[in-house]
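Visitor: What follows is query-v7.cif, mmCIF, C-alpha atoms.
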data_run
#
loop_
_atom_site.label_atom_id
_atom_site.label_comp_id
_atom_site.auth_asym_id
_atom_site.auth_seq_id
_atom_site.Cartn_x
_atom_site.Cartn_y
_atom_site.Cartn_z
CA MET A 10 -18.03 3.16 -13.68
CA LYS A 11 -17.36 6.75 -12.79
CA SER A 12 -15.15 8.57 -15.27
CA ILE A 13 -12.07 10.68 -14.76
CA LEU A 14 -12.55 14.39 -14.41
CA LYS A 15 -13.43 15.85 -17.80
CA SER A 16 -11.31 18.92 -17.37
CA ILE A 17 -8.18 16.78 -17.08
CA ILE A 18 -8.98 15.08 -20.34
CA GLY A 19 -9.59 18.38 -22.06
CA ILE A 20 -6.06 19.70 -21.68
CA SER A 21 -3.93 19.30 -24.81
CA LEU A 22 -0.34 20.16 -25.48
CA THR A 23 0.73 22.57 -28.18
CA SER A 24 2.57 19.70 -29.81
CA GLY A 25 -0.78 18.02 -30.43
CA LEU A 26 -0.49 15.41 -27.66
CA LEU A 27 -3.90 14.78 -26.10
CA LEU A 28 -3.90 13.95 -22.41
CA THR A 29 -6.28 11.03 -22.00
CA ALA A 30 -5.58 9.96 -18.42
CA CYS A 31 -3.93 11.29 -15.31
CA SER A 32 -1.18 8.70 -15.56
CA ASP A 33 -0.02 9.87 -18.98
CA TRP A 34 1.97 12.68 -17.39
CA THR A 35 4.19 10.14 -15.67
CA ASP A 36 4.69 8.07 -18.81
CA PRO A 37 7.66 5.71 -18.70
CA GLU A 38 11.17 6.69 -19.55
CA ALA A 39 9.90 10.06 -20.73
CA PHE A 40 8.96 11.12 -17.20
CA THR A 41 12.11 13.05 -16.38
CA VAL A 42 12.40 14.60 -19.82
CA ASN A 43 8.74 15.22 -20.62
CA GLU A 44 7.65 16.61 -17.28
CA THR A 45 10.66 18.89 -17.14
CA ASN A 46 9.97 20.14 -20.65
CA ILE A 47 6.30 20.65 -19.95
CA GLU A 48 7.06 22.63 -16.80
CA SER A 49 9.64 24.79 -18.55
CA GLN A 50 7.91 25.20 -21.91
CA ASN A 51 4.36 25.65 -20.66
CA PRO A 52 4.29 26.05 -16.87
CA GLU A 53 0.74 27.43 -16.91
CA LEU A 54 -0.53 24.31 -18.68
CA TYR A 55 1.20 22.01 -16.23
CA ALA A 56 -0.05 24.03 -13.25
CA LYS A 57 -3.59 23.72 -14.60
CA TYR A 58 -3.15 19.98 -14.99
CA LEU A 59 -1.96 19.63 -11.40
CA ALA A 60 -4.88 21.72 -10.14
CA ASN A 61 -7.33 19.49 -12.05
CA LEU A 62 -5.58 16.41 -10.72
CA ARG A 63 -6.01 17.62 -7.14
CA GLU A 64 -9.68 18.31 -7.82
CA TYR A 65 -10.05 14.82 -9.26
CA ARG A 66 -9.24 13.36 -5.83
CA ASN A 67 -12.59 14.67 -4.59
CA THR A 68 -14.66 13.23 -7.44
CA ASP A 69 -16.68 10.03 -7.24
CA HIS A 70 -14.28 7.35 -8.48
CA GLN A 71 -12.87 4.03 -7.36
CA LEU A 72 -9.94 4.77 -5.07
CA VAL A 73 -6.59 3.20 -5.87
CA TYR A 74 -4.17 2.37 -3.04
CA ALA A 75 -0.63 1.22 -3.77
CA TRP A 76 1.91 -0.34 -1.39
CA PHE A 77 5.37 0.96 -2.28
CA ASP A 78 8.64 -0.72 -1.30
CA ASN A 79 10.82 2.15 -0.09
CA SER A 80 13.59 -0.01 1.39
CA GLU A 81 16.20 1.22 -1.10
CA LYS A 82 17.80 4.34 0.40
CA ARG A 83 20.26 4.85 -2.45
CA PRO A 84 18.00 4.87 -5.51
CA PHE A 85 19.61 3.63 -8.71
CA SER A 86 16.38 3.41 -10.72
CA ARG A 87 13.32 5.58 -11.32
CA ALA A 88 11.36 2.64 -9.89
CA HIS A 89 12.66 3.73 -6.48
CA HIS A 90 11.07 7.18 -6.70
CA LEU A 91 7.61 8.09 -5.44
CA THR A 92 7.48 10.95 -7.92
CA ASP A 93 7.42 8.44 -10.80
CA ILE A 94 4.37 6.42 -9.78
CA PRO A 95 1.19 6.85 -11.88
CA ASP A 96 -0.71 10.02 -11.04
CA SER A 97 -4.04 8.18 -10.86
CA ILE A 98 -3.00 6.48 -7.61
CA ASP A 99 -4.87 8.12 -4.75
CA VAL A 100 -3.10 6.72 -1.69
CA VAL A 101 0.45 5.41 -1.33
CA ALA A 102 1.34 3.13 1.59
CA LEU A 103 5.04 2.95 2.41
CA MET A 104 6.10 -0.59 3.29
CA TYR A 105 8.99 0.68 5.46
CA PRO A 106 7.53 3.66 7.32
CA ASP A 107 10.46 4.40 9.67
CA ASN A 108 13.98 5.75 9.07
CA LEU A 109 12.94 7.91 6.13
CA ILE A 110 15.72 9.97 4.57
CA GLN A 111 15.53 13.57 3.40
CA SER A 112 14.95 12.74 -0.27
CA GLU A 113 12.00 10.48 0.66
CA MET A 114 10.49 13.25 2.78
CA GLU A 115 10.84 15.67 -0.11
CA GLU A 116 9.17 13.27 -2.55
CA ILE A 117 6.33 12.63 -0.11
CA GLU A 118 5.74 16.36 0.17
CA ASN A 119 5.92 16.70 -3.61
CA ILE A 120 3.25 14.11 -4.43
CA ARG A 121 1.05 15.35 -1.59
CA THR A 122 1.11 19.06 -2.38
CA GLN A 123 1.47 18.88 -6.17
CA LYS A 124 -0.68 15.84 -6.99
CA GLY A 125 -3.00 15.53 -4.00
CA MET A 126 -1.92 11.98 -3.12
CA LYS A 127 -2.11 10.77 0.47
CA VAL A 128 0.73 8.84 2.08
CA ILE A 129 0.05 6.24 4.76
CA TYR A 130 1.59 3.09 6.26
CA SER A 131 0.41 -0.18 7.79
CA ILE A 132 0.38 -1.45 11.38
CA ASP A 133 0.00 -5.23 11.40
CA PHE A 134 -1.36 -6.94 14.54
CA ASP A 135 -0.52 -10.44 13.31
CA GLN A 136 3.01 -9.39 12.40
CA ILE A 137 3.54 -8.01 15.90
CA LYS A 138 2.21 -11.27 17.35
CA ALA A 139 4.48 -13.34 15.09
CA SER A 140 7.57 -11.31 16.04
CA TYR A 141 6.75 -11.78 19.74
CA ASN A 142 6.30 -15.53 19.31
CA GLU A 143 9.62 -15.75 17.46
CA MET A 144 11.33 -13.78 20.21
CA VAL A 145 9.92 -16.16 22.84
CA ASP A 146 10.87 -19.25 20.84
CA ASN A 147 14.44 -18.04 20.34
CA ALA A 148 15.02 -16.98 23.93
CA PRO A 149 17.45 -19.21 25.87
CA GLU A 150 15.86 -21.41 28.53
CA GLU A 151 17.91 -19.77 31.26
CA GLU A 152 16.68 -16.31 30.21
CA PRO A 153 13.00 -16.55 29.21
CA ILE A 154 11.21 -13.48 27.89
CA ALA A 155 9.85 -11.58 30.87
CA VAL A 156 7.61 -9.24 28.89
CA GLU A 157 3.99 -10.38 28.50
CA PHE A 158 2.52 -10.17 25.01
CA ARG A 159 0.06 -7.36 25.76
CA GLN A 160 2.84 -5.20 27.14
CA TYR A 161 4.88 -5.92 24.01
CA LEU A 162 1.82 -5.24 21.82
CA THR A 163 1.20 -1.95 23.60
CA GLU A 164 4.80 -0.79 23.19
CA GLN A 165 5.08 -1.84 19.55
CA THR A 166 1.73 -0.36 18.52
CA ALA A 167 2.43 2.92 20.31
CA ASN A 168 5.85 3.14 18.67
CA LEU A 169 4.41 2.52 15.21
CA LEU A 170 1.65 5.07 15.74
CA SER A 171 4.25 7.69 16.71
CA LEU A 172 5.66 7.51 13.17
CA ALA A 173 2.57 9.29 11.84
CA GLY A 174 3.54 12.52 13.55
CA LYS A 175 7.27 12.02 13.17
CA TYR A 176 7.09 11.85 9.37
CA ASN A 177 3.85 13.74 8.76
CA TYR A 178 1.86 10.83 7.33
CA ASP A 179 -1.76 11.27 6.30
CA GLY A 180 -3.00 8.16 8.09
CA ILE A 181 -2.58 4.45 8.73
CA CYS A 182 -3.96 1.11 7.65
CA ILE A 183 -4.43 -1.47 10.40
CA ASN A 184 -3.92 -5.10 9.39
CA TYR A 185 -5.83 -7.69 11.38
CA ILE A 186 -6.47 -11.29 10.38
CA GLY A 187 -7.19 -12.80 13.78
CA LYS A 188 -9.26 -15.97 13.84
CA SER A 189 -12.83 -16.99 14.44
CA PRO A 190 -13.58 -17.21 18.18
CA ILE A 191 -16.49 -19.62 17.60
CA LEU A 192 -14.56 -22.82 18.36
CA MET A 193 -12.34 -21.37 21.08
CA THR A 194 -12.41 -22.50 24.68
CA ASP A 195 -13.43 -19.91 27.26
CA THR A 196 -9.77 -19.41 28.21
CA GLU A 197 -8.69 -18.97 24.60
CA LYS A 198 -11.56 -16.60 23.88
CA LYS A 199 -10.70 -14.49 26.94
CA GLU A 200 -7.09 -14.11 25.82
CA TYR A 201 -8.15 -13.43 22.23
CA MET A 202 -10.56 -10.68 23.28
CA GLU A 203 -8.02 -9.08 25.59
CA ASN A 204 -5.44 -8.95 22.81
CA GLU A 205 -7.94 -7.55 20.33
CA ASN A 206 -9.23 -4.95 22.78
CA CYS A 207 -5.68 -3.89 23.58
CA PHE A 208 -4.72 -3.37 19.93
CA ILE A 209 -7.97 -1.77 18.76
CA GLY A 210 -8.21 0.32 21.92
CA ILE A 211 -4.76 1.84 21.41
CA VAL A 212 -5.54 2.64 17.76
CA ASN A 213 -8.92 4.13 18.66
CA ASP A 214 -7.44 6.30 21.42
CA TRP A 215 -4.79 7.56 18.99
CA LEU A 216 -7.42 8.28 16.35
CA GLU A 217 -9.54 10.28 18.77
CA ARG A 218 -6.50 12.41 19.57
CA ASN A 219 -5.62 12.74 15.87
CA PRO A 220 -8.95 13.11 14.04
CA GLU A 221 -7.24 14.51 10.96
CA MET A 222 -5.65 11.11 10.27
CA SER A 223 -7.29 8.67 7.86
CA LEU A 224 -7.85 5.05 8.88
CA SER A 225 -8.17 1.97 6.68
CA PHE A 226 -8.52 -1.69 7.56
CA GLN A 227 -7.07 -4.74 5.88
CA GLY A 228 -7.65 -8.35 6.80
CA GLN A 229 -10.66 -10.32 7.94
CA PRO A 230 -13.17 -7.95 9.55
CA GLU A 231 -15.47 -10.83 10.46
CA ASN A 232 -12.90 -11.93 13.05
CA LEU A 233 -13.23 -8.72 15.00
CA TYR A 234 -15.40 -9.18 18.05
CA GLU A 235 -15.70 -6.36 20.57
CA GLY A 236 -13.38 -4.23 18.44
CA LYS A 237 -15.67 -4.23 15.43
CA PHE A 238 -16.64 -0.63 16.21
CA ILE A 239 -13.33 0.51 14.69
CA LEU A 240 -14.72 -0.33 11.23
CA ASP A 241 -17.15 2.58 11.60
CA LYS A 242 -14.14 4.90 11.57
CA CYS A 243 -12.41 3.32 8.57
CA ASN A 244 -12.54 4.85 5.09
CA VAL A 245 -11.95 1.51 3.38
CA ILE A 246 -12.15 -2.12 4.52
CA PHE A 247 -9.79 -4.25 2.43
CA ILE A 248 -10.41 -7.97 2.53
CA ALA A 249 -7.38 -10.26 2.78
CA SER A 250 -7.17 -11.14 -0.91
CA THR A 251 -3.55 -10.81 -2.03
CA GLU A 252 -3.18 -14.60 -2.30
CA ALA A 253 -6.27 -15.05 -4.49
CA ASN A 254 -5.55 -16.75 -7.82
CA SER A 255 -8.87 -16.25 -9.61
CA SER A 256 -11.88 -13.96 -9.70
CA GLY A 257 -13.94 -16.79 -8.23
CA GLU A 258 -11.63 -16.94 -5.24
CA LEU A 259 -11.90 -13.18 -4.83
CA THR A 260 -15.70 -13.47 -4.78
CA TYR A 261 -15.49 -16.23 -2.18
CA LEU A 262 -13.13 -14.25 0.08
CA LEU A 263 -15.37 -11.21 -0.14
CA SER A 264 -18.45 -13.24 0.74
CA GLN A 265 -16.62 -14.73 3.76
CA SER A 266 -15.68 -11.30 5.09
CA TYR A 267 -18.84 -9.49 4.06
CA LEU A 268 -20.62 -7.51 6.76
CA LEU A 269 -23.79 -5.92 5.41
CA GLU A 270 -23.55 -2.78 7.53
CA TYR A 271 -20.21 -1.94 5.88
CA ALA A 272 -21.19 -2.83 2.32
CA THR A 273 -20.15 0.55 0.86
CA LYS A 274 -16.67 0.47 2.41
CA TYR A 275 -15.24 -2.71 0.93
CA GLY A 276 -12.10 -2.97 -1.15
CA ALA A 277 -9.81 -5.75 -2.35
CA THR A 278 -6.07 -6.07 -2.86
CA ALA A 279 -3.87 -7.81 -5.42
CA THR A 280 -0.14 -8.17 -6.00
CA VAL A 281 1.78 -7.13 -9.10
CA ASP A 282 3.67 -10.43 -9.15
CA ASN A 283 0.71 -12.84 -8.89
CA LYS A 284 1.40 -15.48 -11.56
CA LYS A 285 -2.20 -16.71 -11.81
CA LEU A 286 -4.28 -13.55 -11.48
CA SER A 287 -3.21 -10.61 -13.62
CA LEU A 288 -3.86 -7.05 -12.53
CA GLN A 289 -6.12 -6.64 -15.55
CA ASN A 290 -8.29 -9.61 -14.52
CA PHE A 291 -8.32 -8.36 -10.95
CA ALA A 292 -9.43 -4.91 -12.14
CA GLN A 293 -12.18 -6.37 -14.32
CA TRP A 294 -13.51 -8.24 -11.30
CA ALA A 295 -13.23 -5.18 -9.06
CA ALA A 296 -14.95 -2.93 -11.62
CA ALA A 297 -18.10 -5.07 -11.54
CA PRO A 298 -20.65 -4.76 -8.69
CA GLN A 299 -20.02 -7.22 -5.86
CA ASN A 300 -22.96 -8.23 -3.68
CA GLY A 301 -24.89 -5.47 -5.41
CA ASN A 302 -22.38 -2.72 -4.54
CA GLU A 303 -19.36 -1.23 -6.26
CA LEU A 304 -16.09 -1.73 -4.39
CA LYS A 305 -14.94 1.52 -2.89
CA ALA A 306 -11.25 0.88 -3.50
CA VAL A 307 -8.59 -1.49 -4.74
CA GLY A 308 -5.08 -1.98 -3.41
CA ILE A 309 -1.96 -3.00 -5.33
CA TYR A 310 1.02 -4.57 -3.55
CA ASN A 311 4.66 -4.33 -4.63
CA LEU A 312 3.92 -1.51 -7.05
CA ALA A 313 7.53 -0.96 -8.12
CA LEU A 314 7.78 -4.48 -9.55
CA ASP A 315 5.66 -3.27 -12.45
CA TYR A 316 7.94 -0.35 -13.31
CA TYR A 317 9.85 -2.28 -15.96
CA ALA A 318 6.81 -3.56 -17.86
CA SER A 319 7.18 -4.78 -21.43
CA GLY A 320 5.47 -1.83 -23.10
CA TYR A 321 6.00 1.20 -20.88
CA ASN A 322 6.61 1.93 -17.22
CA TYR A 323 3.88 0.71 -14.86
CA GLN A 324 2.02 -0.64 -17.89
CA ASN A 325 -0.03 -3.26 -16.02
CA VAL A 326 -0.88 -0.90 -13.17
CA ARG A 327 -1.94 1.81 -15.61
CA GLU A 328 -4.12 -0.59 -17.58
CA ALA A 329 -5.77 -1.82 -14.38
CA ILE A 330 -6.49 1.75 -13.28
CA SER A 331 -7.94 2.50 -16.72
CA ILE A 332 -10.35 -0.41 -16.32
CA LEU A 333 -11.41 0.80 -12.88
CA ASN A 334 -11.74 4.47 -13.79
CA PRO A 335 -12.07 4.75 -17.57
CA SER A 336 -11.49 8.13 -19.16
CA VAL A 337 -14.17 10.03 -21.02
CA LYS A 338 -13.71 9.36 -24.74
#
Show this structure as structure tokens.
Guide:
Amino acid sequence: MKSILKSIIGISLTSGLLLTACSDWTDPEAFTVNETNIESQNPELYAKYLANLREYRNTDHQLVYAWFDNSEKRPFSRAHHLTDIPDSIDVVALMYPDNLIQSEMEEIENIRTQKGMKVIYSIDFDQIKASYNEMVDNAPEEEPIAVEFRQYLTEQTANLLSLAGKYNYDGICINYIGKSPILMTDTEKKEYMENENCFIGIVNDWLERNPEMSLSFQGQPENLYEGKFILDKCNVIFIASTEANSSGELTYLLSQSYLLEYATKYGATATVDNKKLSLQNFAQWAAAPQNGNELKAVGIYNLALDYYASGYNYQNVREAISILNPSVK
């Protein structure tokens, strides 16, 4: 595995504390006290650390994405603050991308400019389809839904894409499970392709007009048909693996979604609260070559649930990151 930037490791505090990983600077309960003291007592040292951290983003390492629940608008815990997440996370995806308040905007700008993190959000095709189906099912018989699905899909996707500019995000992740068209009737396949082309076409058009935005994919890429070209423009292709309960199941899911031409783009995701597959076991699997290639990235869902770990804040997440990107000893 690639190791963390040596210059980060080389910085030591006058008190004798050796910095051994990026995440140490956001150590648990000490975050508010320690970082404040470091900034005030040795601002040059802390500025050098932040500069090295930003440089680290451009080194060859396994990227770490984290999905962050930002639904709480009146934070009563440090677990609700973006500024407290481990520094070694490269990309943060907000689970509630709209209706951001001023303090959230300030924290986003802080982790972006100070620590070099990117902030993105997800647009989920299957979730849009499910919400439309629910709306149709719940509509009274005397007032059926007049809007066709593709019109609804167009409006919802366009609205979600507009959030990128509204809140100055760095990019998006499109979620698409879909289904295999192999056993579909001609009528079903026609509708499936039209829906896929509508969704992927809107995203592609937006991306062409906003080339500075990053694009990731999560789901089952093998179910893309005519829209498979969008994978060429993605930085990472995450397989749908959050429900996996063993490393063997992860291997199976990867093999099912594996497309040889995108071998160097693959990533996998796990959840903090999975009772059968720990983050450490997930990281050990992800750190090993899969199909002869190293995974480009890993994703961690429900990050804040790990804040109150038994040992120190974000203990399991930090240990998983250490397995993926071990420090130079």
Visitor: Applied to the shown file, which residues does the PyMOL selection byres ((chain A and resi 266-270) around 8) return, written as a PyMOL selection string?
Guide: chain A and resi 229-231+248+262-265+271-272
Visitor: Applied to this file, what does the PyMOL selection byres ((chain A and resi 149-165) around 9) return in terms of residues, put as a VMD selection string?
Guide: chain A and resid 134 137 to 138 141 to 142 144 to 148 166 to 170 203 to 204 207 to 208 211
Visitor: How far is it from atom CA of A:Leu192 to atom CA of A:Gln136, in Å with one decimal?
Guide: 22.9 Å
Visitor: Looking at only C-alpha atoms, which of A:Leu109, A:Leu233, A:Ile181, A:Ala102 is the one that sits closest to A:Val73?
Guide: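 So, comparing all the options, the nearest one is A:Ala102.
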Visitor: So how far away is atom CA of A:Ser287 from atom CA of A:Ile98, in Å?
Guide: 18.1 Å
Visitor: Let me know the residues the PyMOL selection byres ((chain A and resi 172-176) around 12) catches in the file above, as a PyMOL selection string.
Guide: chain A and resi 103+105-111+113-115+117-118+128-132+165-171+177-182+215-216+218-219+221-224
Visitor: For A:Gln227, which of A:His90, A:Lys199, A:Lys57, A:Lys274 is the closest residue, counting only C-alpha atoms?
Guide: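 When distances to A:Gln227 are compared using only C-alpha atoms, the smallest one comes from A:Lys274.
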Visitor: Calculate how many Å separate atom CA of A:Phe226 from atom CA of A:Val101, rounding to one decimal.
Guide: 14.5 Å
Visitor: From the list A:Leu259, A:Ala296, A:Gly276, A:Arg83, which residue is nearest A:Ile332 when using only C-alpha atoms?
Guide: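 Using only C-alpha atoms, the shortest distance to A:Ile332 belongs to A:Ala296.
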Visitor: Rank A:Ala253, A:Leu91, A:Ile183, A:Ile239 by their smallest atom-to-atom distance to A:Gly210, using all atoms listed in the file, and report the top residue only.
Guide: A:Ile239
Visitor: Return the padded bounding box of stretch 117-122 of chain A as JSON: axis-aligned, built from all atoms listed in the file, 6 Å added on each side, with centre and edge lengths in Å to one decimal.
Guide:
{"center_x": 3.7, "center_y": 15.8, "center_z": -2.1, "size_x": 17.3, "size_y": 18.4, "size_z": 16.6}
Visitor: Within 9 Å of A:Glu205, counting only C-alpha atoms, which residues show up once you throw out same-chain ones fewer than 4 positions away? Write them as a PyMOL selection string, please.
Guide: chain A and resi 134+187+200-201+209-210+233-236
Visitor: Please, could you write that set of residues out with C-alpha atoms as a PDB file, in the coordinates of the input?
Guide:
ATOM      1  CA  PHE A 134      -1.360  -6.940  14.540  1.00  0.00           C
ATOM      2  CA  GLY A 187      -7.190 -12.800  13.780  1.00  0.00           C
ATOM      3  CA  GLU A 200      -7.090 -14.110  25.820  1.00  0.00           C
ATOM      4  CA  TYR A 201      -8.150 -13.430  22.230  1.00  0.00           C
ATOM      5  CA  ILE A 209      -7.970  -1.770  18.760  1.00  0.00           C
ATOM      6  CA  GLY A 210      -8.210   0.320  21.920  1.00  0.00           C
ATOM      7  CA  LEU A 233     -13.230  -8.720  15.000  1.00  0.00           C
ATOM      8  CA  TYR A 234     -15.400  -9.180  18.050  1.00  0.00           C
ATOM      9  CA  GLU A 235     -15.700  -6.360  20.570  1.00  0.00           C
ATOM     10  CA  GLY A 236     -13.380  -4.230  18.440  1.00  0.00           C
TER      11      GLY A 236
END
Visitor: Taking into account all atoms listed in the file, which residue in the set A:Ala88, A:Ile186, A:Met104, A:Ala249 is nearest to A:Tyr261?
Guide: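 Counting all atoms listed in the file, the residue closest to A:Tyr261 is A:Ala249.
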Visitor: Would you kindly return, as a list in words, each protein, DNA or RNA residue with an atom no farther than 10 Å from any atom of A:Asp315, considering only C-alpha atoms and excluding same-chain residues fewer than 4 positions away?
Guide: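 These residues fall inside the cut-off: Ala88, Thr280, Val281, Asp282, Asn311, Ser319, Tyr321, Asn322, Tyr323, Gln324, Asn325, Val326 and Arg327 of chain A.
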